[in-house]
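Data from coords_26.cif: mmCIF, C-alpha atoms and all ligand atoms
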data_query
loop_
_atom_site.label_atom_id
_atom_site.label_comp_id
_atom_site.auth_asym_id
_atom_site.auth_seq_id
_atom_site.Cartn_x
_atom_site.Cartn_y
_atom_site.Cartn_z
CA MET A 153 4.79 -6.11 27.74
CA ALA A 154 2.89 -2.87 28.23
CA THR A 155 -0.13 -2.31 26.04
CA HIS A 156 -1.54 0.95 24.75
CA ALA A 157 -5.09 1.88 23.81
CA ILE A 158 -5.11 3.52 20.42
CA THR A 159 -7.73 4.88 18.06
CA VAL A 160 -6.95 4.63 14.38
CA THR A 161 -8.97 5.00 11.20
CA VAL A 162 -8.32 2.20 8.72
CA ASN A 163 -9.90 2.40 5.28
CA GLY A 164 -12.39 4.90 6.65
CA ALA A 165 -13.48 2.80 9.65
CA GLY A 166 -12.60 3.87 13.19
CA GLU A 167 -10.87 1.19 15.30
CA ARG A 168 -10.09 1.10 19.03
CA LEU A 169 -7.33 -1.36 19.82
CA ASP A 170 -5.04 -2.35 22.68
CA VAL A 171 -1.63 -2.93 21.16
CA PRO A 172 1.67 -4.06 22.73
CA SER A 173 4.50 -1.52 22.73
CA ASN A 174 6.52 -3.58 20.27
CA MET A 175 3.72 -4.43 17.80
CA THR A 176 4.36 -3.07 14.32
CA LEU A 177 1.70 -1.40 12.23
CA LEU A 178 2.07 -4.32 9.80
CA GLN A 179 1.30 -6.84 12.55
CA MET A 180 -1.67 -4.77 13.71
CA ILE A 181 -3.09 -4.58 10.18
CA ARG A 182 -2.65 -8.27 9.40
CA GLU A 183 -3.15 -9.94 12.78
CA ARG A 184 -5.58 -7.66 14.61
CA LEU A 185 -7.62 -6.38 11.69
CA ALA A 186 -7.25 -9.44 9.42
CA LEU A 187 -6.40 -7.20 6.46
CA THR A 188 -3.98 -9.63 4.86
CA GLY A 189 -3.67 -7.79 1.55
CA THR A 190 -0.72 -5.93 3.04
CA LYS A 191 2.19 -8.35 2.74
CA ASN A 192 5.07 -9.22 5.03
CA GLY A 193 8.15 -9.55 2.87
CA CYS A 194 11.38 -8.62 4.60
CA GLU A 195 10.31 -6.92 7.87
CA ALA A 196 13.38 -4.74 7.38
CA GLY A 197 12.18 -1.77 5.35
CA GLU A 198 13.70 -3.07 2.13
CA CYS A 199 11.00 -4.58 -0.11
CA GLY A 200 7.93 -2.33 0.14
CA ALA A 201 5.48 -5.25 0.21
CA CYS A 202 4.05 -3.83 3.43
CA THR A 203 3.45 -0.30 2.06
CA VAL A 204 0.35 1.49 3.33
CA LEU A 205 -0.61 5.14 3.44
CA VAL A 206 -0.53 6.92 6.80
CA ASP A 207 -2.16 10.32 6.59
CA GLY A 208 -1.74 10.08 2.82
CA GLU A 209 1.98 9.27 2.80
CA PRO A 210 3.42 5.87 1.84
CA VAL A 211 5.18 4.12 4.73
CA ASN A 212 6.69 0.70 5.26
CA SER A 213 4.30 -0.59 7.90
CA CYS A 214 6.91 -3.09 9.13
CA MET A 215 9.03 -0.14 10.24
CA MET A 216 6.35 1.75 12.14
CA LEU A 217 4.94 0.85 15.53
CA ALA A 218 1.20 0.41 15.89
CA VAL A 219 1.17 2.96 18.75
CA GLU A 220 2.52 5.55 16.31
CA ALA A 221 -0.68 5.17 14.27
CA ASP A 222 -2.75 6.50 17.16
CA GLY A 223 -5.07 9.22 15.88
CA ARG A 224 -4.03 8.75 12.26
CA GLN A 225 -5.61 7.65 8.98
CA VAL A 226 -4.37 4.43 7.40
CA LEU A 227 -5.18 3.21 3.90
CA THR A 228 -4.45 -0.39 2.91
CA VAL A 229 -4.94 -2.09 -0.44
CA GLU A 230 -8.37 -3.24 0.71
CA GLY A 231 -9.39 0.41 0.82
CA LEU A 232 -8.70 1.04 -2.86
CA ALA A 233 -11.68 -0.84 -4.28
CA ALA A 234 -15.12 0.66 -3.88
CA GLU A 235 -18.07 -1.66 -3.19
CA ASP A 236 -16.47 -4.76 -4.71
CA ARG A 237 -15.35 -2.88 -7.82
CA LEU A 238 -11.66 -2.60 -8.55
CA SER A 239 -10.25 0.90 -8.79
CA PRO A 240 -9.13 2.12 -12.25
CA LEU A 241 -5.53 1.60 -11.13
CA GLN A 242 -6.27 -1.99 -10.12
CA GLU A 243 -8.10 -2.56 -13.42
CA ALA A 244 -5.07 -1.25 -15.29
CA PHE A 245 -2.81 -3.73 -13.47
CA VAL A 246 -5.11 -6.55 -14.60
CA GLU A 247 -5.34 -5.22 -18.15
CA HIS A 248 -1.54 -5.00 -18.49
CA ASN A 249 -0.85 -8.34 -16.79
CA ALA A 250 1.21 -6.39 -14.28
CA VAL A 251 0.71 -9.11 -11.68
CA GLN A 252 2.59 -12.40 -11.63
CA CYS A 253 2.94 -13.95 -8.16
CA GLY A 254 1.18 -10.86 -6.79
CA PHE A 255 3.21 -10.56 -3.61
CA CYS A 256 4.49 -7.07 -4.40
CA THR A 257 1.22 -5.88 -5.93
CA PRO A 258 -0.51 -4.39 -2.86
CA GLY A 259 2.53 -2.26 -2.08
CA MET A 260 2.90 -1.24 -5.73
CA LEU A 261 -0.75 -0.22 -5.88
CA ILE A 262 -0.49 1.85 -2.72
CA SER A 263 2.67 3.64 -3.89
CA ALA A 264 1.09 4.27 -7.30
CA HIS A 265 -2.13 5.49 -5.71
CA ALA A 266 -0.15 8.00 -3.62
CA LEU A 267 1.73 9.15 -6.73
CA LEU A 268 -1.41 9.72 -8.81
CA LYS A 269 -3.02 11.59 -5.96
CA ARG A 270 -0.20 14.12 -5.74
CA ASN A 271 0.69 14.05 -9.45
CA PRO A 272 -2.16 12.91 -11.76
CA HIS A 273 0.04 13.02 -14.88
CA PRO A 274 3.44 11.58 -14.00
CA ASP A 275 6.05 10.85 -16.62
CA GLU A 276 7.92 7.55 -16.71
CA GLY A 277 10.75 8.88 -14.56
CA GLU A 278 8.33 10.07 -11.90
CA ILE A 279 6.60 6.67 -11.87
CA LYS A 280 9.94 4.90 -11.46
CA GLN A 281 10.88 7.28 -8.65
CA ALA A 282 7.57 6.59 -6.87
CA LEU A 283 8.26 2.84 -7.02
CA VAL A 284 11.86 3.05 -5.86
CA GLY A 285 10.99 1.44 -2.52
CA ASN A 286 8.89 -1.37 -4.02
CA LEU A 287 10.72 -4.48 -5.20
CA CYS A 288 9.26 -6.98 -7.67
CA ARG A 289 11.00 -10.29 -8.27
CA CYS A 290 8.75 -11.34 -11.14
CA THR A 291 7.75 -8.73 -13.68
CA GLY A 292 10.72 -6.60 -14.58
CA TYR A 293 8.59 -3.52 -13.82
CA VAL A 294 7.70 -2.67 -17.44
CA ARG A 295 4.10 -3.84 -17.20
CA ILE A 296 3.68 -2.21 -13.80
CA ILE A 297 4.90 1.13 -15.16
CA ASP A 298 2.66 0.74 -18.24
CA ALA A 299 -0.34 0.04 -16.00
CA ILE A 300 0.26 3.14 -13.91
CA GLN A 301 0.73 5.23 -17.05
CA THR A 302 -2.55 3.90 -18.45
CA ALA A 303 -4.41 4.70 -15.24
CA ALA A 304 -2.94 8.21 -15.33
CA ASP A 305 -3.82 8.68 -19.01
CA GLU A 306 -7.40 7.61 -18.30
CA GLY A 307 -7.64 9.92 -15.30
CA GLY A 308 -8.19 7.23 -12.68
CA MET A 309 -6.45 5.92 -9.57
S1 LIG A 401 8.00 -6.13 4.73
FE1 LIG A 401 8.20 -4.01 5.12
S2 LIG A 401 9.66 -3.29 3.69
FE2 LIG A 401 9.61 -5.46 3.40
S1 LIG A 402 4.60 -9.99 -9.12
FE1 LIG A 402 5.85 -11.36 -7.96
S2 LIG A 402 7.10 -10.07 -6.75
FE2 LIG A 402 6.05 -8.72 -8.07
#
Kindly transcribe the structure held in the file into structure tokens.
Amino acid sequence: MATHAITVTVNGAGERLDVPSNMTLLQMIRERLALTGTKNGCEAGECGACTVLVDGEPVNSCMMLAVEADGRQVLTVEGLAAEDRLSPLQEAFVEHNAVQCGFCTPGMLISAHALLKRNPHPDEGEIKQALVGNLCRCTGYVRIIDAIQTAADEGGM
């Protein structure tokens, strides 16, 4: 398998990596960079557990090759907290008990973070639309939507 040298910025840190042609961005994040907050759910672009931001846009990292991240900026859930303090959005998830098993949570947080960045005051319909690619098998979504609304109301993300 051919390998490719890439340079990618992950959570603000520059990384130089040799990656196989067929390695996904999800595999690179979890296995090469040990950032295991990003979850592997379906590996088929269906569940959103693997959602990260690439140049500010949410992507399913299981559906993108690592080589395609060359020269780009990636944000994972580990990049949301600042100096061991949860972000306001993460705090709101805790406050609203919007986490049960937690498997979907990193992807939810990343999608919500992207939403609040482009639209600081979304209505309920806009929040639901932003989460359309993120599946949760536990919560029924109500608490997740409430948490995002609270973070928006309090001006944080
Ligand atoms: S693991 Fe990528 S969409 Fe499910
Ligand atoms: S909290 Fe379990 S899948 Fe969402």
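The contact shell of ligand LIG 402 (chain A), defined as all polymer residues within 10 Å when only C-alpha atoms and all ligand atoms are used, comprises Gly193, Cys199, Ala201, Asn249, Ala250, Val251, Gln252, Cys253, Gly254, Phe255, Cys256, Thr257, Pro258, Gly259, Met260, Asn286, Leu287, Cys288, Arg289, Cys290, Thr291, Gly292, Tyr293 and Ile296 of chain A.
Interatomic distance, CA of Cys214 in chain A against CA of Cys194 in chain A: 8.4 Å.
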As a quick test: using all atoms listed in the file, which residues lie no more than 7 Å away from ligand LIG 401 (chain A)? Give them as a PDB file with C-alpha atoms, in the coordinates of the input.
ATOM      1  CA  LYS A 191       2.190  -8.350   2.740  1.00  0.00           C
ATOM      2  CA  ASN A 192       5.070  -9.220   5.030  1.00  0.00           C
ATOM      3  CA  GLY A 193       8.150  -9.550   2.870  1.00  0.00           C
ATOM      4  CA  CYS A 194      11.380  -8.620   4.600  1.00  0.00           C
ATOM      5  CA  GLU A 195      10.310  -6.920   7.870  1.00  0.00           C
ATOM      6  CA  ALA A 196      13.380  -4.740   7.380  1.00  0.00           C
ATOM      7  CA  GLY A 197      12.180  -1.770   5.350  1.00  0.00           C
ATOM      8  CA  GLU A 198      13.700  -3.070   2.130  1.00  0.00           C
ATOM      9  CA  CYS A 199      11.000  -4.580  -0.110  1.00  0.00           C
ATOM     10  CA  GLY A 200       7.930  -2.330   0.140  1.00  0.00           C
ATOM     11  CA  ALA A 201       5.480  -5.250   0.210  1.00  0.00           C
ATOM     12  CA  CYS A 202       4.050  -3.830   3.430  1.00  0.00           C
ATOM     13  CA  THR A 203       3.450  -0.300   2.060  1.00  0.00           C
ATOM     14  CA  ASN A 212       6.690   0.700   5.260  1.00  0.00           C
ATOM     15  CA  SER A 213       4.300  -0.590   7.900  1.00  0.00           C
ATOM     16  CA  CYS A 214       6.910  -3.090   9.130  1.00  0.00           C
ATOM     17  CA  MET A 215       9.030  -0.140  10.240  1.00  0.00           C
TER      18      MET A 215
END
Counting only C-alpha atoms, closest pick from A:Gln179, A:Ala154, A:Ala218, A:Leu261 relative to Pro240 in chain A is A:Leu261
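You can rank A:Ile181, A:Leu232, A:Ile279, A:Leu227 by their closest distance to Ile297 in chain A using only C-alpha atoms, and at the top of that list sits A:Ile279.
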Would you mind listing what lies within 12 Å of Leu169 in chain A as a PyMOL selection string, with all atoms listed in the file counted and same-chain residues fewer than 2 positions away left out? chain A and resi 155-162+166-167+171-172+175+177+180-181+183-185+218-219+221-223
Ser263 in chain A surroundings by all atoms listed in the file, 7 Å radius, close-in-sequence under 3 positions cut, as a list in words: Pro210, Gly259, Met260, Ala266, Leu267, Ala282 and Leu283 of chain A
Would you please work out which residue, of A:Glu209, A:Glu243, A:Lys269, A:Asp275, is nearest to Gln225 in chain A when using all atoms listed in the file? A:Glu209
Padding of 6 Å on every side, edges along x, y and z, all listed atoms of range 231-249 of chain A included: what centre and edge lengths in Å, to one decimal, does that box have, as AutoDock Vina command-line options?
--center_x -9.5 --center_y -3.1 --center_z -8.8 --size_x 29.2 --size_y 22.5 --size_z 31.3
Might you pull out every residue within 7 Å of Thr228 in chain A, with only C-alpha atoms counted and same-chain residues fewer than 3 positions away left off, and present them as JSON, numbers by chain? {"A": [163, 190, 204, 205, 231]}
Can you work out which one of A:Glu276, A:Val229, A:Thr176, A:Val206 has the shortest atom-to-atom distance to Gly189 in chain A, counting all atoms listed in the file? A:Val229
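If you count only C-alpha atoms and ignore residues fewer than 6 places along the chain from Gly308 in chain A, what sits within 12 Å of it is Leu232, Leu238, Ser239, Pro240, Leu241, Gln242, Glu243, Ala244, Ala264, His265, Leu267, Leu268, Lys269, Asn271, Pro272, His273, Ala299, Ile300, Gln301 and Thr302 of chain A.
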Of A:Pro274, A:Asp236, A:Lys280, A:Gly285, the one nearest to Asp305 in chain A when counting all atoms listed in the file is A:Pro274
CA of Glu247 in chain A sits from CA of Asp298 in chain A at a separation of 10.0 Å
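Separating CA of Arg270 in chain A from CA of Gly208 in chain A is a distance of 9.6 Å.
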